[in-house]
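Peer 1: Quick one: structure below, then a few questions.
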There are 2 protein chains.
Amino acid sequence: MRWEDVNTQTCSIAKATSVFGDRWTLLIVRQIFLGLRRFSDIQKSLGITKHRLTDRLNRLIEEDLVFKHLYDEKYNRFEYRLTEKGLDLYPVLITLTQWGDKWMCDSDGVPVEYVHTECGEVAHPRLSCSCCGKPLDLSNLTLKAGPGVLAKCCRGVMSDEDQMLYGRIMDAEAKADKQ
Amino acid sequence: MRWEDVNTQTCSIAKATSVFGDRWTLLIVRQIFLGLRRFSDIQKSLGITKHRLTDRLNRLIEEDLVFKHLYDEKYNRFEYRLTEKGLDLYPVLITLTQWGDKWMCDSDGVPVEYVHTECGEVAHPRLSCSCCGKPLDLSNLTLKAGPGVLAKCCRGVMSDEDQMLYGRIMDAEAKADKQ
DNA sequence: TATTATAGTTCCATTATGGAACTTAATTAT
DNA sequence: ATAATTAAGTTCCATAATGGAACTATAATA
């Protein structure tokens with residue numbers, strides 16, 4: 001499968017990956033999150049080549065994660081800022097950071113900490129259930145085929161790839177229902 | 001900067017990205033999470049070429065996210081399974097999934113839902129503070145330079161890139177302290 | 001008038017990736 | 001007994017993505 005076709009997969013991770021499944025895009029988003037908004041700041045701080053950065057920023061603008069904001073009319077200079085869609089990546093960045101903090105950190109300790117302004121403490125954000133509020137982990141989550149898969153299944157338009165992936169989730173559900 | 005040098009950055013996202021900042025690695029991890037453990041299943045379900053998959057799996061094994069498990073002695077066949085380090089990526093996959101569900105979904109709806117077995121409901125996992133338990137979002141989180149940055153700063157061994165990135169976080173903190 | 005800063009673009013060499021064919025070893029079908 | 005099949009790769013080659021360095025444009029500054 002060509003990379004351009006990855007976002008045709010019936011999978012939100014595949015669709016997300018089609019936007020930042022490359023070497024730099026997520027790091028660019030991180031820089032903007034951390035306050036680096038100008039082309040040259042992002043470029044120097046990442047050590048990315050200029051034309052690659054141009055390319056990636058344009059892609060982020062196309063995908064509506066980033067927009068250009070004129071900050072100097074005389075110079076015609078722009079800042080790159082995150083849209084709502086871009087800002088909405090913060091849980092991804094936080095969970096990724098935590099994984100990196102735990103598994104890839106050097107002996108000096110974690111580079112950045114997050115302070116929860118309401119309670120004033122350094123927070124180690126956890127996932128919790130939107131319904132009952134209890135903490136979630138692998139052991140108390142099960143998968144269920146959602147409407148997006150079921151609809152395609154009924155219409156008989158699932159690709160072989162999607163069938164391989166979701167077949168067993170639907171099988172597991174069917175089994176669980178019988179018991 | 002060459003890609004091989006990205007993991008030298010003092011940033012957990014950079015270090016994490018150095019492992020799966022490519023086109024396929026995170027999708028491979030997702031397949032294993034969803035239950036596809038055999039080489040050929042992963043290969044066919046993703047449409048990735050065999051030598052690329054070989055390459056990425058070996059990298060994941062090197063980085064200790066995946067290990068091989070002999071499931072057929074006669075054939076000498078292996079399954080690929082996630083280690084603790086690999087399993088620990090589930091919050092990343094969940095937050096990524098949610099972002100994709102919200103922003104990149106087609107009209108059929110979300111492909112997969114997560115059921116919280118304790119309360120029995122479909123959960124939309126949220127980040128909450130490990131200290132007070134309240135939900136976290138961008139508006140109530142602030143950044144703080146952690147020990148990893150402070151130590152390097154004191155020793156004077158921060159790269160120019162890292163200084164550009166963390167300089168303003170430390171400045172912002174210094175300002176906040178004065179007030 | 002020469003130099004610097006910001007934000008790019010162009011050209012070319014190096015790497016990464018995709019596609020197809022080939023390999024090996026055990027299994028099943030004819 | 002022979003041929004075809006399956007799983008898990010490997011090898012070869014063409015195409016696509018990336019990195020490095022040099023070049024452009026415009027306004028400001030020395």
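Ligands are numbered from 1 in the order shown, residues from 1 within each chain, and chains are lettered A, B, ... in the order they appear in the structure tokens.
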List the spatial neighbours of B:Met1 as a ChimeraX atom specification - criterion: any atom at most 12 Å away, only C-alpha atoms (C1' of nucleotides), same-chain residues fewer than 2 positions off excluded.

Peer 2: /A:23-24,43-50,52 /B:3-9,161 /D:18-20

Peer 1: Using only C-alpha atoms (C1' of nucleotides), select each residue of chain C with any atom at most 8 Å away from an atom of chain A, and give the selection as number ranges by chain.

Peer 2: C: 6-9, 18

Peer 1: For C-alpha atoms (C1' of nucleotides), I'd like the residues from the last selection saved as a PDB file, in the first residue's frame.

Peer 2:
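This went into out31.pdb:
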ATOM      1  C1'  DT C   6      13.296  36.588   8.118  1.00  0.00           C
ATOM      2  C1'  DA C   7      11.163  33.574   5.146  1.00  0.00           C
ATOM      3  C1'  DG C   8      11.490  31.180   1.640  1.00  0.00           C
ATOM      4  C1'  DT C   9      13.021  28.403  -3.145  1.00  0.00           C
ATOM      5  C1'  DG C  18       7.358   0.032  -2.644  1.00  0.00           C
TER       6       DG C  18
END

Peer 1: Up to 6 Å from chain A, what residues of chain B turn up? Count only C-alpha atoms and give them as a PyMOL selection string.

Peer 2: chain B and resi 1+12-13+16+21-23+45+47-48+92+95-97+100-101+108-117+123-130+140-149+161+164

Peer 1: Store the residues picked out above, limited to C-alpha atoms, as a PDB file, in the first residue's frame.

Peer 2:
ATOM      1  CA  MET B   1      19.612  17.555  11.745  1.00  0.00           C
ATOM      2  CA  SER B  12      10.375  12.948  25.530  1.00  0.00           C
ATOM      3  CA  ILE B  13       8.264  13.540  22.445  1.00  0.00           C
ATOM      4  CA  ALA B  16       9.285   8.760  21.386  1.00  0.00           C
ATOM      5  CA  GLY B  21       8.086   8.765  13.767  1.00  0.00           C
ATOM      6  CA  ASP B  22       7.847   6.908  10.496  1.00  0.00           C
ATOM      7  CA  ARG B  23       5.080   5.759   8.251  1.00  0.00           C
ATOM      8  CA  SER B  45      -3.778  -6.284   6.884  1.00  0.00           C
ATOM      9  CA  GLY B  47      -0.520  -3.669   2.917  1.00  0.00           C
ATOM     10  CA  ILE B  48       3.072  -3.008   3.957  1.00  0.00           C
ATOM     11  CA  VAL B  92      -1.142   7.156  23.281  1.00  0.00           C
ATOM     12  CA  THR B  95      -5.794   9.610  22.677  1.00  0.00           C
ATOM     13  CA  LEU B  96      -4.742   9.384  19.025  1.00  0.00           C
ATOM     14  CA  THR B  97      -7.855   7.359  18.261  1.00  0.00           C
ATOM     15  CA  GLY B 100      -8.961  10.818  14.737  1.00  0.00           C
ATOM     16  CA  ASP B 101     -12.532   9.965  15.761  1.00  0.00           C
ATOM     17  CA  ASP B 108     -20.305   6.252   8.962  1.00  0.00           C
ATOM     18  CA  GLY B 109     -19.114   7.105  12.465  1.00  0.00           C
ATOM     19  CA  VAL B 110     -16.271   5.867  14.625  1.00  0.00           C
ATOM     20  CA  PRO B 111     -14.742   2.476  13.735  1.00  0.00           C
ATOM     21  CA  VAL B 112     -14.124   1.170  17.248  1.00  0.00           C
ATOM     22  CA  GLU B 113     -15.565   1.942  20.659  1.00  0.00           C
ATOM     23  CA  TYR B 114     -14.042   1.294  24.056  1.00  0.00           C
ATOM     24  CA  VAL B 115     -16.186  -0.258  26.744  1.00  0.00           C
ATOM     25  CA  HIS B 116     -15.227   0.253  30.375  1.00  0.00           C
ATOM     26  CA  THR B 117     -15.848  -3.148  31.900  1.00  0.00           C
ATOM     27  CA  ALA B 123     -16.072   5.310  27.550  1.00  0.00           C
ATOM     28  CA  HIS B 124     -14.587   8.424  26.022  1.00  0.00           C
ATOM     29  CA  PRO B 125     -11.376   8.418  28.043  1.00  0.00           C
ATOM     30  CA  ARG B 126     -10.384  11.793  29.496  1.00  0.00           C
ATOM     31  CA  LEU B 127      -7.186  12.993  31.050  1.00  0.00           C
ATOM     32  CA  SER B 128      -7.410  13.758  34.728  1.00  0.00           C
ATOM     33  CA  CYS B 129      -5.019  15.018  37.377  1.00  0.00           C
ATOM     34  CA  SER B 130      -3.193  12.237  39.199  1.00  0.00           C
ATOM     35  CA  ASN B 140      -5.533  24.425  33.526  1.00  0.00           C
ATOM     36  CA  LEU B 141      -2.096  23.052  32.762  1.00  0.00           C
ATOM     37  CA  THR B 142       1.113  25.043  32.837  1.00  0.00           C
ATOM     38  CA  LEU B 143       4.577  23.939  31.918  1.00  0.00           C
ATOM     39  CA  LYS B 144       7.556  23.882  34.220  1.00  0.00           C
ATOM     40  CA  ALA B 145      11.167  23.083  33.435  1.00  0.00           C
ATOM     41  CA  GLY B 146      11.865  19.640  34.879  1.00  0.00           C
ATOM     42  CA  PRO B 147      15.046  18.238  36.428  1.00  0.00           C
ATOM     43  CA  GLY B 148      16.289  16.972  33.052  1.00  0.00           C
ATOM     44  CA  VAL B 149      16.423  20.497  31.646  1.00  0.00           C
ATOM     45  CA  GLU B 161      18.291  23.815  19.944  1.00  0.00           C
ATOM     46  CA  MET B 164      15.765  27.866  22.120  1.00  0.00           C
TER      47      MET B 164
END

Peer 1: How many Å lie between atom CA of B:Lys178 and atom CA of A:Arg37, rounded to one decimal?

Peer 2: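 Interatomic distance here is 25.4 Å.
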
Peer 1: Specify as a CSV table (one decimal) with C-alpha atoms (C1' of nucleotides), in the first residue's frame all residues of chain D found within 12 Å of chain A, counting only C-alpha atoms (C1' of nucleotides).

Peer 2:
chain,number,residue,atom,x,y,z
D,15,DT,C1',10.7,5.6,-7.3
D,16,DA,C1',9.8,8.9,-3.5
D,17,DA,C1',11.3,11.4,0.6
D,18,DT,C1',14.8,13.8,2.9
D,19,DG,C1',19.2,16.7,4.0
D,20,DG,C1',22.7,20.2,2.7
D,21,DA,C1',24.2,24.0,0.6
D,25,DA,C1',13.6,38.8,-2.0
D,26,DT,C1',12.6,42.5,1.1
D,27,DA,C1',13.1,45.6,4.7
D,28,DA,C1',16.2,47.2,8.5

Peer 1: Taking the DSSP secondary structure from the backbone, can you list the residues of stretch 43-177 of chain A that are strand (DSSP E or B), as an NGL selection string?

Peer 2: :A and (66-72 or 77-82 or 112-116 or 122-123 or 126-128 or 135 or 141-145)

Peer 1: What's the 12 Å shell around C:DC22, counting only C-alpha atoms (C1' of nucleotides), without same-chain residues fewer than 6 positions away, as a PyMOL selection string?

Peer 2: chain D and resi 9-12

Peer 1: Write a file of the selected residues as a short mmCIF file (atom, residue, chain, number, x, y, z; two decimals), in the first residue's frame, keeping all heavy atoms.

Peer 2:
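Result saved to again-v4.cif:
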data_model
loop_
_atom_site.label_atom_id
_atom_site.label_comp_id
_atom_site.auth_asym_id
_atom_site.auth_seq_id
_atom_site.Cartn_x
_atom_site.Cartn_y
_atom_site.Cartn_z
P DG D 9 10.05 -13.65 10.22
OP1 DG D 9 11.38 -14.00 10.72
OP2 DG D 9 8.98 -13.29 11.15
"O5'" DG D 9 10.25 -12.41 9.30
"C5'" DG D 9 10.44 -12.31 7.90
"C4'" DG D 9 11.50 -13.19 7.31
"O4'" DG D 9 10.78 -13.95 6.34
"C3'" DG D 9 12.55 -12.38 6.58
"O3'" DG D 9 13.86 -12.68 7.02
"C2'" DG D 9 12.45 -12.76 5.14
"C1'" DG D 9 11.47 -13.92 5.11
N9 DG D 9 10.48 -13.66 4.06
C8 DG D 9 9.22 -13.12 4.18
N7 DG D 9 8.59 -13.01 3.03
C5 DG D 9 9.49 -13.50 2.10
C6 DG D 9 9.37 -13.64 0.69
O6 DG D 9 8.43 -13.35 -0.03
N1 DG D 9 10.53 -14.19 0.13
C2 DG D 9 11.66 -14.55 0.84
N2 DG D 9 12.67 -15.06 0.13
N3 DG D 9 11.77 -14.45 2.15
C4 DG D 9 10.67 -13.91 2.71
P DT D 10 15.01 -11.60 6.67
OP1 DT D 10 16.18 -11.96 7.51
OP2 DT D 10 14.46 -10.23 6.71
"O5'" DT D 10 15.37 -11.91 5.14
"C5'" DT D 10 16.03 -13.11 4.79
"C4'" DT D 10 16.47 -13.02 3.33
"O4'" DT D 10 15.29 -12.95 2.48
"C3'" DT D 10 17.31 -11.79 2.98
"O3'" DT D 10 18.39 -12.26 2.18
"C2'" DT D 10 16.37 -10.89 2.21
"C1'" DT D 10 15.44 -11.90 1.55
N1 DT D 10 14.07 -11.42 1.26
C2 DT D 10 13.61 -11.46 -0.03
O2 DT D 10 14.28 -11.86 -0.97
N3 DT D 10 12.31 -11.03 -0.19
C4 DT D 10 11.46 -10.57 0.80
O4 DT D 10 10.32 -10.22 0.52
C5 DT D 10 12.01 -10.55 2.14
C7 DT D 10 11.18 -10.07 3.27
C6 DT D 10 13.27 -10.97 2.30
P DT D 11 19.58 -11.26 1.75
OP1 DT D 11 20.83 -12.05 1.85
OP2 DT D 11 19.42 -10.01 2.51
"O5'" DT D 11 19.30 -10.95 0.21
"C5'" DT D 11 18.92 -12.00 -0.68
"C4'" DT D 11 18.69 -11.42 -2.07
"O4'" DT D 11 17.29 -11.05 -2.22
"C3'" DT D 11 19.50 -10.17 -2.41
"O3'" DT D 11 20.04 -10.32 -3.72
"C2'" DT D 11 18.49 -9.04 -2.35
"C1'" DT D 11 17.20 -9.75 -2.75
N1 DT D 11 15.94 -9.16 -2.19
C2 DT D 11 14.84 -9.03 -3.01
O2 DT D 11 14.83 -9.35 -4.17
N3 DT D 11 13.74 -8.50 -2.40
C4 DT D 11 13.63 -8.08 -1.08
O4 DT D 11 12.59 -7.63 -0.64
C5 DT D 11 14.83 -8.25 -0.27
C7 DT D 11 14.82 -7.82 1.15
C6 DT D 11 15.92 -8.76 -0.86
P DC D 12 21.06 -9.23 -4.32
OP1 DC D 12 22.09 -9.99 -5.06
OP2 DC D 12 21.45 -8.27 -3.26
"O5'" DC D 12 20.14 -8.47 -5.39
"C5'" DC D 12 19.33 -9.24 -6.29
"C4'" DC D 12 18.51 -8.30 -7.16
"O4'" DC D 12 17.29 -7.93 -6.45
"C3'" DC D 12 19.20 -6.98 -7.51
"O3'" DC D 12 19.05 -6.72 -8.90
"C2'" DC D 12 18.50 -5.93 -6.66
"C1'" DC D 12 17.10 -6.54 -6.51
N1 DC D 12 16.38 -6.12 -5.27
C2 DC D 12 15.00 -5.85 -5.33
O2 DC D 12 14.41 -5.96 -6.41
N3 DC D 12 14.36 -5.47 -4.20
C4 DC D 12 15.03 -5.36 -3.05
N4 DC D 12 14.35 -5.00 -1.97
C5 DC D 12 16.43 -5.64 -2.96
C6 DC D 12 17.06 -6.01 -4.09
#

Peer 1: Counting only C-alpha atoms (C1' of nucleotides), what is within 10 Å of D:DA30, bar same-chain residues fewer than 5 positions away, as a list in words?

Peer 2: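 Selected residues are DA2, DT3 and DT4 of chain C.
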
Peer 1: Mind dumping the selected residues with all heavy atoms as a tab-separated table (two decimals), in the first residue's frame?

Peer 2:
chain	number	residue	atom	x	y	z
C	2	DA	P	28.81	48.19	-1.70
C	2	DA	OP1	30.05	47.80	-2.41
C	2	DA	OP2	27.49	47.94	-2.31
C	2	DA	O5'	28.86	47.54	-0.25
C	2	DA	C5'	29.86	47.95	0.69
C	2	DA	C4'	29.63	47.21	2.00
C	2	DA	O4'	28.44	47.72	2.64
C	2	DA	C3'	29.38	45.70	1.82
C	2	DA	O3'	30.09	45.01	2.87
C	2	DA	C2'	27.88	45.54	1.92
C	2	DA	C1'	27.50	46.66	2.88
C	2	DA	N9	26.15	47.21	2.67
C	2	DA	C8	25.55	47.53	1.48
C	2	DA	N7	24.33	48.02	1.60
C	2	DA	C5	24.13	48.01	2.98
C	2	DA	C6	23.03	48.40	3.78
C	2	DA	N6	21.89	48.90	3.28
C	2	DA	N1	23.14	48.26	5.10
C	2	DA	C2	24.28	47.76	5.62
C	2	DA	N3	25.38	47.37	4.97
C	2	DA	C4	25.24	47.52	3.65
C	3	DT	P	29.92	43.41	3.07
C	3	DT	OP1	31.21	42.89	3.59
C	3	DT	OP2	29.34	42.83	1.84
C	3	DT	O5'	28.85	43.28	4.25
C	3	DT	C5'	29.04	44.04	5.45
C	3	DT	C4'	27.91	43.75	6.42
C	3	DT	O4'	26.70	44.43	6.04
C	3	DT	C3'	27.55	42.26	6.54
C	3	DT	O3'	27.53	41.90	7.92
C	3	DT	C2'	26.17	42.16	5.89
C	3	DT	C1'	25.60	43.55	6.16
C	3	DT	N1	24.55	44.02	5.19
C	3	DT	C2	23.38	44.54	5.70
C	3	DT	O2	23.15	44.65	6.89
C	3	DT	N3	22.48	44.96	4.75
C	3	DT	C4	22.62	44.90	3.38
C	3	DT	O4	21.73	45.31	2.64
C	3	DT	C5	23.86	44.33	2.91
C	3	DT	C7	24.11	44.20	1.43
C	3	DT	C6	24.76	43.92	3.84
C	4	DT	P	27.21	40.38	8.44
C	4	DT	OP1	28.06	40.13	9.63
C	4	DT	OP2	27.25	39.48	7.27
C	4	DT	O5'	25.70	40.49	8.94
C	4	DT	C5'	25.33	41.54	9.84
C	4	DT	C4'	23.84	41.46	10.12
C	4	DT	O4'	23.10	42.04	9.02
C	4	DT	C3'	23.32	40.04	10.30
C	4	DT	O3'	22.60	39.97	11.53
C	4	DT	C2'	22.43	39.81	9.08
C	4	DT	C1'	21.98	41.23	8.74
C	4	DT	N1	21.63	41.46	7.31
C	4	DT	C2	20.43	42.11	7.02
C	4	DT	O2	19.65	42.48	7.88
C	4	DT	N3	20.18	42.29	5.67
C	4	DT	C4	20.99	41.92	4.63
C	4	DT	O4	20.65	42.16	3.47
C	4	DT	C5	22.22	41.26	4.99
C	4	DT	C7	23.16	40.80	3.92
C	4	DT	C6	22.48	41.07	6.30

Peer 1: Please identify the helix (DSSP H, G or I) residues within chain B (assignment by DSSP from backbone atoms) and present them as a ChimeraX atom specification.

Peer 2: /B:3-8,12-20,25-33,39-46,50-62,84-87,90-103,138-140,147-155,160-178
